[in-house]
Amino acid sequence: MKNIKHEETVTKVLDALESIRPFLNKDGGDIELVDLKGKTVFVKLVGNCNGCPMSFSTMRLGVENTIKQFVPEIVEVLNVE
C-alpha cells in the first residue's frame with residue numbers, strides 16, 4: 001500500500017515539474033527530480049538554472065510553490081547541487 005502512495009506522489013511531483021519546465025527551458029535551464037523522501041522533494045536545477053543568481057527565487061517562488069499546489073502533503077523542496 002505504501003509503495004502505491006509513494007508512486008502516486010512521485011507522479012504528481014513529476015506533473016508539477018512538467019508544468020514549470022517550459023519557463024526554465026525558456027531561460028536555457030531545466031529541472032530534474034532527484035529523490036522523494038517522506039515529505040521532502042529533492043530536485044536539481046540544470047543548464048543555465050544551475051548557479052544562476054535567481055535560482056533561489058526560482059526554487060522558492062516557482063518550483064516549491066508549484067509542487068505544493070500539486071502535492072499539498074510535501075513540506076520541503078530542496079535543490080541539490
# chains A, B, ... in the order shown; residues from 1 in each chain; ligands from 1
$ residues_around --residues "segment 2-11 of chain A" --least-positions-apart "2" --cutoff "12 Å" --atoms "only C-alpha atoms" --output "list in words"
Val13, Leu14, Asp15, Ala16, Leu17, Glu18, Leu33, Val34, Asp35, Leu36, Lys37, Gly38, Lys39, Thr40, Val41, Phe42, Val43, Ile67, Lys68, Phe70, Val71, Pro72, Glu73 and Ile74 of chain A
$ write_last_selection --atoms "N, CA and C atoms" --output "PDB file, in the first residue's frame"
ATOM      1  N   VAL A  13       4.467  14.891  -8.397  1.00  0.00           N
ATOM      2  CA  VAL A  13       5.633  15.780  -8.387  1.00  0.00           C
ATOM      3  C   VAL A  13       6.159  15.955  -9.812  1.00  0.00           C
ATOM      4  N   LEU A  14       6.232  14.861 -10.568  1.00  0.00           N
ATOM      5  CA  LEU A  14       6.696  14.941 -11.959  1.00  0.00           C
ATOM      6  C   LEU A  14       5.749  15.811 -12.792  1.00  0.00           C
ATOM      7  N   ASP A  15       4.443  15.706 -12.545  1.00  0.00           N
ATOM      8  CA  ASP A  15       3.470  16.557 -13.241  1.00  0.00           C
ATOM      9  C   ASP A  15       3.719  18.032 -12.918  1.00  0.00           C
ATOM     10  N   ALA A  16       4.011  18.317 -11.653  1.00  0.00           N
ATOM     11  CA  ALA A  16       4.306  19.692 -11.239  1.00  0.00           C
ATOM     12  C   ALA A  16       5.548  20.210 -11.959  1.00  0.00           C
ATOM     13  N   LEU A  17       6.588  19.370 -12.028  1.00  0.00           N
ATOM     14  CA  LEU A  17       7.822  19.781 -12.703  1.00  0.00           C
ATOM     15  C   LEU A  17       7.573  20.016 -14.189  1.00  0.00           C
ATOM     16  N   GLU A  18       6.743  19.170 -14.791  1.00  0.00           N
ATOM     17  CA  GLU A  18       6.414  19.361 -16.214  1.00  0.00           C
ATOM     18  C   GLU A  18       5.726  20.704 -16.437  1.00  0.00           C
ATOM     19  N   LEU A  33      13.997  15.614 -11.085  1.00  0.00           N
ATOM     20  CA  LEU A  33      13.638  15.043  -9.790  1.00  0.00           C
ATOM     21  C   LEU A  33      14.754  14.095  -9.383  1.00  0.00           C
ATOM     22  N   VAL A  34      15.370  14.343  -8.238  1.00  0.00           N
ATOM     23  CA  VAL A  34      16.459  13.502  -7.757  1.00  0.00           C
ATOM     24  C   VAL A  34      15.915  12.415  -6.836  1.00  0.00           C
ATOM     25  N   ASP A  35      15.056  12.823  -5.885  1.00  0.00           N
ATOM     26  CA  ASP A  35      14.546  11.858  -4.911  1.00  0.00           C
ATOM     27  C   ASP A  35      13.320  12.424  -4.221  1.00  0.00           C
ATOM     28  N   LEU A  36      12.585  11.523  -3.596  1.00  0.00           N
ATOM     29  CA  LEU A  36      11.437  11.894  -2.774  1.00  0.00           C
ATOM     30  C   LEU A  36      11.529  11.045  -1.514  1.00  0.00           C
ATOM     31  N   LYS A  37      11.772  11.714  -0.386  1.00  0.00           N
ATOM     32  CA  LYS A  37      11.889  11.009   0.893  1.00  0.00           C
ATOM     33  C   LYS A  37      10.885  11.605   1.855  1.00  0.00           C
ATOM     34  N   GLY A  38       9.925  10.806   2.249  1.00  0.00           N
ATOM     35  CA  GLY A  38       8.896  11.299   3.159  1.00  0.00           C
ATOM     36  C   GLY A  38       8.139  12.450   2.520  1.00  0.00           C
ATOM     37  N   LYS A  39       8.211  13.617   3.151  1.00  0.00           N
ATOM     38  CA  LYS A  39       7.508  14.794   2.648  1.00  0.00           C
ATOM     39  C   LYS A  39       8.471  15.819   2.064  1.00  0.00           C
ATOM     40  N   THR A  40       9.672  15.349   1.708  1.00  0.00           N
ATOM     41  CA  THR A  40      10.698  16.224   1.142  1.00  0.00           C
ATOM     42  C   THR A  40      11.036  15.785  -0.279  1.00  0.00           C
ATOM     43  N   VAL A  41      11.045  16.758  -1.181  1.00  0.00           N
ATOM     44  CA  VAL A  41      11.397  16.512  -2.578  1.00  0.00           C
ATOM     45  C   VAL A  41      12.790  17.081  -2.818  1.00  0.00           C
ATOM     46  N   PHE A  42      13.638  16.296  -3.468  1.00  0.00           N
ATOM     47  CA  PHE A  42      14.978  16.737  -3.836  1.00  0.00           C
ATOM     48  C   PHE A  42      15.024  16.896  -5.349  1.00  0.00           C
ATOM     49  N   VAL A  43      15.363  18.101  -5.804  1.00  0.00           N
ATOM     50  CA  VAL A  43      15.450  18.375  -7.235  1.00  0.00           C
ATOM     51  C   VAL A  43      16.826  18.943  -7.553  1.00  0.00           C
ATOM     52  N   ILE A  67       5.031  22.669  -6.741  1.00  0.00           N
ATOM     53  CA  ILE A  67       4.978  21.293  -6.233  1.00  0.00           C
ATOM     54  C   ILE A  67       3.953  21.194  -5.107  1.00  0.00           C
ATOM     55  N   LYS A  68       3.929  22.184  -4.209  1.00  0.00           N
ATOM     56  CA  LYS A  68       2.982  22.161  -3.091  1.00  0.00           C
ATOM     57  C   LYS A  68       1.532  22.306  -3.568  1.00  0.00           C
ATOM     58  N   PHE A  70       0.435  21.016  -6.441  1.00  0.00           N
ATOM     59  CA  PHE A  70       0.123  19.694  -6.997  1.00  0.00           C
ATOM     60  C   PHE A  70       0.070  18.622  -5.909  1.00  0.00           C
ATOM     61  N   VAL A  71       0.940  18.757  -4.908  1.00  0.00           N
ATOM     62  CA  VAL A  71       1.068  17.741  -3.855  1.00  0.00           C
ATOM     63  C   VAL A  71       1.124  18.454  -2.495  1.00  0.00           C
ATOM     64  N   PRO A  72      -0.040  18.773  -1.929  1.00  0.00           N
ATOM     65  CA  PRO A  72      -0.085  19.563  -0.684  1.00  0.00           C
ATOM     66  C   PRO A  72       0.650  18.931   0.505  1.00  0.00           C
ATOM     67  N   GLU A  73       0.824  17.602   0.484  1.00  0.00           N
ATOM     68  CA  GLU A  73       1.486  16.964   1.625  1.00  0.00           C
ATOM     69  C   GLU A  73       2.998  17.179   1.657  1.00  0.00           C
ATOM     70  N   ILE A  74       3.567  17.699   0.565  1.00  0.00           N
ATOM     71  CA  ILE A  74       5.003  17.992   0.533  1.00  0.00           C
ATOM     72  C   ILE A  74       5.265  19.214   1.409  1.00  0.00           C
TER      73      ILE A  74
END
$ residues_around --residues "Asn48 of chain A" --least-positions-apart "2" --cutoff "8 Å" --atoms "only C-alpha atoms" --output "mmCIF file with C-alpha atoms, in the first residue's frame"
data_model
loop_
_atom_site.group_PDB
_atom_site.id
_atom_site.type_symbol
_atom_site.label_atom_id
_atom_site.label_comp_id
_atom_site.auth_asym_id
_atom_site.auth_seq_id
_atom_site.Cartn_x
_atom_site.Cartn_y
_atom_site.Cartn_z
ATOM 1 C CA ASP A 27 15.993 30.564 -19.991
ATOM 2 C CA GLY A 28 18.131 27.619 -21.125
ATOM 3 C CA GLY A 29 17.639 25.606 -17.950
ATOM 4 C CA ASP A 30 15.788 22.561 -16.744
ATOM 5 C CA VAL A 46 20.456 22.127 -14.551
ATOM 6 C CA ASN A 50 22.313 25.787 -12.102
ATOM 7 C CA GLY A 51 24.159 28.527 -10.216
ATOM 8 C CA CYS A 52 22.009 31.322 -11.626
#
$ atom_distance --atom1 "atom CA of Lys12 of chain A" --atom2 "atom CA of Pro53 of chain A"
27.9 Å
$ select_by_dssp --residues "chain A" --states "alpha helix (DSSP H)" --output "compact mmCIF listing (two decimals) with C-alpha atoms, in the first residue's frame"
# COMPACT_ATOMS: atom_id res chain seq x y z
CA LYS A 2 2.79 2.42 0.93
CA ASN A 3 4.53 1.90 -2.43
CA ILE A 4 1.37 2.78 -4.35
CA LYS A 5 1.04 6.04 -2.39
CA HIS A 6 4.73 6.79 -2.99
CA GLU A 7 4.32 6.16 -6.74
CA GLU A 8 1.26 8.44 -6.85
CA THR A 9 3.19 11.19 -5.07
CA VAL A 10 6.16 10.83 -7.45
CA THR A 11 3.78 11.07 -10.42
CA LYS A 12 2.20 14.25 -9.02
CA VAL A 13 5.63 15.78 -8.39
CA LEU A 14 6.70 14.94 -11.96
CA ASP A 15 3.47 16.56 -13.24
CA ALA A 16 4.31 19.69 -11.24
CA LEU A 17 7.82 19.78 -12.70
CA GLU A 18 6.41 19.36 -16.21
CA SER A 19 4.16 22.38 -15.64
CA ILE A 20 7.12 24.66 -14.83
CA ARG A 21 9.65 23.12 -17.21
CA PRO A 22 8.73 25.44 -20.16
CA PHE A 23 9.63 28.52 -18.08
CA LEU A 24 13.00 27.03 -17.16
CA ASN A 25 13.64 25.88 -20.74
CA LYS A 26 12.95 29.40 -21.98
CA SER A 55 17.89 30.20 -8.71
CA PHE A 56 16.93 30.74 -5.06
CA SER A 57 13.84 32.71 -6.12
CA ASN A 65 5.04 26.60 -4.63
CA THR A 66 4.08 24.66 -7.76
CA ILE A 67 4.98 21.29 -6.23
CA LYS A 68 2.98 22.16 -3.09
CA GLN A 69 -0.03 23.08 -5.26
CA PHE A 70 0.12 19.69 -7.00
